[in-house]
Amino acid sequence: MPRRHALIIEDELLIALEVEVLLSEQGFKSFDIANSPHAALACALKRLPDLITADYRIVAGTGVEAVAAIEARLGPIPVVFVSGNVEQVREEAPGRADVLVDKPISPALLAAACARAMRTAR
C-alpha cells in the first residue's frame, strides 16, 4: 500500500491532532498541519498531499481560500472540509457539499467523506 500523505488545514491544534488520528486509522502515514492559507500552500508545495482536510475559519483567511490557492498551483486534490461553518463552505465551495463534515467530528462521517473525495477528485 502506498504511503499516503495528508495536509490538515486547521488553526486549532487539538482538532488538527484529532483529525490526524482519524486519518491514520484510514491508512494515512504522514501529515502536515497548517493554520493559514499561506502555510497550507507552503506545505503543499513542499510535499504534494494525497488528501486535504480544511476548516473554514483559519488564521488570516479561510480553508476555502487555502484550497483554491493550492489547486491553482497543483491541480485538483481530494479535499474534505471539516468545519463548524458548513453554510459558509456550501456558499463558497458549492461543488463540494458531498465532502463536508460538520464539527464535532464523527469518525464515520469523516471516513465516508474521505473515501468520496479520494474516489472523485483525481
# chains A, B, ... in the order shown; residues from 1 in each chain; ligands from 1

call {"tool": "residues_around", "arguments": {"residues": "Asp102 of chain A", "least_positions_apart": "6", "cutoff": "6 Å", "atoms": "only C-alpha atoms", "output": "ChimeraX atom specification"}}
result
/A:82-84

call {"tool": "atom_distance", "arguments": {"atom1": "atom CA of Glu91 of chain A", "atom2": "atom CA of Leu110 of chain A"}}
result
20.4 Å

call {"tool": "atom_distance", "arguments": {"atom1": "atom CA of Glu71 of chain A", "atom2": "atom CA of Leu22 of chain A"}}
result
23.9 Å

call {"tool": "select_by_dssp", "arguments": {"residues": "segment 18-58 of chain A", "states": "alpha helix (DSSP H)", "output": "list in words"}}
result
Glu18, Val19, Glu20, Val21, Leu22, Leu23, Ser24, Glu25, Pro37, His38, Ala39, Ala40, Leu41, Ala42, Cys43, Ala44, Leu45 and Lys46 of chain A

call {"tool": "write_last_selection", "arguments": {"atoms": "N, CA and C atoms", "output": "tab-separated table (two decimals), in the first residue's frame"}}
result
chain	number	residue	atom	x	y	z
A	18	GLU	N	-6.78	15.53	16.39
A	18	GLU	CA	-7.88	14.57	16.30
A	18	GLU	C	-8.06	14.10	14.86
A	19	VAL	N	-8.02	15.03	13.91
A	19	VAL	CA	-8.15	14.68	12.50
A	19	VAL	C	-6.97	13.77	12.10
A	20	GLU	N	-5.78	14.09	12.56
A	20	GLU	CA	-4.61	13.26	12.25
A	20	GLU	C	-4.81	11.82	12.72
A	21	VAL	N	-5.29	11.64	13.94
A	21	VAL	CA	-5.54	10.29	14.46
A	21	VAL	C	-6.57	9.57	13.60
A	22	LEU	N	-7.67	10.27	13.27
A	22	LEU	CA	-8.72	9.65	12.47
A	22	LEU	C	-8.22	9.28	11.08
A	23	LEU	N	-7.39	10.13	10.49
A	23	LEU	CA	-6.84	9.81	9.16
A	23	LEU	C	-5.83	8.67	9.23
A	24	SER	N	-5.08	8.60	10.32
A	24	SER	CA	-4.12	7.49	10.46
A	24	SER	C	-4.88	6.16	10.53
A	25	GLU	N	-6.08	6.17	11.11
A	25	GLU	CA	-6.90	4.97	11.15
A	25	GLU	C	-7.39	4.58	9.75
A	37	PRO	N	-3.80	30.08	5.07
A	37	PRO	CA	-3.65	29.79	3.64
A	37	PRO	C	-2.20	29.78	3.18
A	38	HIS	N	-1.41	30.73	3.66
A	38	HIS	CA	0.00	30.81	3.26
A	38	HIS	C	0.76	29.55	3.71
A	39	ALA	N	0.56	29.15	4.96
A	39	ALA	CA	1.25	27.96	5.47
A	39	ALA	C	0.78	26.71	4.73
A	40	ALA	N	-0.51	26.64	4.41
A	40	ALA	CA	-1.05	25.48	3.70
A	40	ALA	C	-0.42	25.35	2.31
A	41	LEU	N	-0.33	26.46	1.59
A	41	LEU	CA	0.28	26.43	0.27
A	41	LEU	C	1.74	26.01	0.37
A	42	ALA	N	2.46	26.55	1.33
A	42	ALA	CA	3.87	26.18	1.50
A	42	ALA	C	4.02	24.69	1.77
A	43	CYS	N	3.16	24.14	2.62
A	43	CYS	CA	3.22	22.70	2.90
A	43	CYS	C	2.93	21.88	1.65
A	44	ALA	N	1.89	22.27	0.92
A	44	ALA	CA	1.51	21.52	-0.29
A	44	ALA	C	2.60	21.57	-1.35
A	45	LEU	N	3.26	22.71	-1.48
A	45	LEU	CA	4.33	22.83	-2.47
A	45	LEU	C	5.54	22.00	-2.06
A	46	LYS	N	5.76	21.88	-0.75
A	46	LYS	CA	6.88	21.09	-0.26
A	46	LYS	C	6.63	19.59	-0.44

call {"tool": "closest_residue", "arguments": {"among": "A:Ile52, A:Ala66, A:Ala16, A:Ala97", "to": "Met118 of chain A", "atoms": "only C-alpha atoms"}}
result
A:Ile52

call {"tool": "closest_residue", "arguments": {"among": "A:Ile15, A:Ala115, A:Phe81, A:Pro76", "to": "Pro94 of chain A", "atoms": "only C-alpha atoms"}}
result
A:Phe81

call {"tool": "atom_distance", "arguments": {"atom1": "atom CA of Ala93 of chain A", "atom2": "atom CA of Ile9 of chain A"}}
result
15.7 Å

call {"tool": "residues_around", "arguments": {"residues": "Thr120 of chain A", "least_positions_apart": "5", "cutoff": "10 Å", "atoms": "only C-alpha atoms", "output": "PDB file with N, CA and C atoms, in the first residue's frame"}}
result
ATOM      1  N   ILE A  77      -6.938  18.177  -6.032  1.00  0.00           N
ATOM      2  CA  ILE A  77      -6.502  17.297  -4.942  1.00  0.00           C
ATOM      3  C   ILE A  77      -7.755  16.940  -4.158  1.00  0.00           C
ATOM      4  N   PRO A  78      -7.908  15.695  -3.725  1.00  0.00           N
ATOM      5  CA  PRO A  78      -9.066  15.354  -2.910  1.00  0.00           C
ATOM      6  C   PRO A  78      -9.122  16.227  -1.649  1.00  0.00           C
ATOM      7  N   VAL A  79     -10.312  16.773  -1.367  1.00  0.00           N
ATOM      8  CA  VAL A  79     -10.492  17.686  -0.238  1.00  0.00           C
ATOM      9  C   VAL A  79     -11.732  17.300   0.542  1.00  0.00           C
ATOM     10  N   ALA A 115     -13.383   8.917   1.707  1.00  0.00           N
ATOM     11  CA  ALA A 115     -13.497   7.923   0.649  1.00  0.00           C
ATOM     12  C   ALA A 115     -14.126   8.538  -0.597  1.00  0.00           C
TER      13      ALA A 115
END

call {"tool": "closest_residue", "arguments": {"among": "A:Asp50, A:Glu87, A:Glu65, A:Asp98", "to": "Arg3 of chain A", "atoms": "only C-alpha atoms"}}
result
A:Asp50

call {"tool": "select_by_dssp", "arguments": {"residues": "segment 1-108 of chain A", "states": "strand (DSSP E or B)", "output": "ChimeraX atom specification"}}
result
/A:4-9,28-34,51-54,57-58,61-62,79-83,100-102

call {"tool": "residues_around", "arguments": {"residues": "Ile8 of chain A", "least_positions_apart": "6", "cutoff": "7 Å", "atoms": "only C-alpha atoms", "output": "PDB file with N, CA and C atoms, in the first residue's frame"}}
result
ATOM      1  N   ALA A  16      -6.805  19.551  14.995  1.00  0.00           N
ATOM      2  CA  ALA A  16      -5.889  19.048  13.967  1.00  0.00           C
ATOM      3  C   ALA A  16      -5.328  17.682  14.371  1.00  0.00           C
ATOM      4  N   ASP A  32       0.986  16.967   7.384  1.00  0.00           N
ATOM      5  CA  ASP A  32       1.390  18.339   7.639  1.00  0.00           C
ATOM      6  C   ASP A  32       0.175  19.038   8.206  1.00  0.00           C
ATOM      7  N   ILE A  33       0.399  19.942   9.147  1.00  0.00           N
ATOM      8  CA  ILE A  33      -0.674  20.750   9.721  1.00  0.00           C
ATOM      9  C   ILE A  33      -0.351  22.201   9.434  1.00  0.00           C
ATOM     10  N   ALA A  34      -1.328  22.917   8.866  1.00  0.00           N
ATOM     11  CA  ALA A  34      -1.148  24.336   8.536  1.00  0.00           C
ATOM     12  C   ALA A  34      -2.312  25.113   9.138  1.00  0.00           C
ATOM     13  N   ILE A  52      -6.509  16.590   1.396  1.00  0.00           N
ATOM     14  CA  ILE A  52      -6.515  17.796   2.229  1.00  0.00           C
ATOM     15  C   ILE A  52      -7.788  17.776   3.058  1.00  0.00           C
ATOM     16  N   THR A  53      -7.656  18.068   4.353  1.00  0.00           N
ATOM     17  CA  THR A  53      -8.832  18.393   5.158  1.00  0.00           C
ATOM     18  C   THR A  53      -8.686  19.862   5.532  1.00  0.00           C
ATOM     19  N   ALA A  54      -9.791  20.593   5.485  1.00  0.00           N
ATOM     20  CA  ALA A  54      -9.705  22.033   5.714  1.00  0.00           C
ATOM     21  C   ALA A  54     -10.875  22.538   6.541  1.00  0.00           C
TER      22      ALA A  54
END

call {"tool": "closest_residue", "arguments": {"among": "A:Asn85, A:Ala69, A:Thr62, A:Gln26", "to": "Ala112 of chain A", "atoms": "only C-alpha atoms"}}
result
A:Gln26
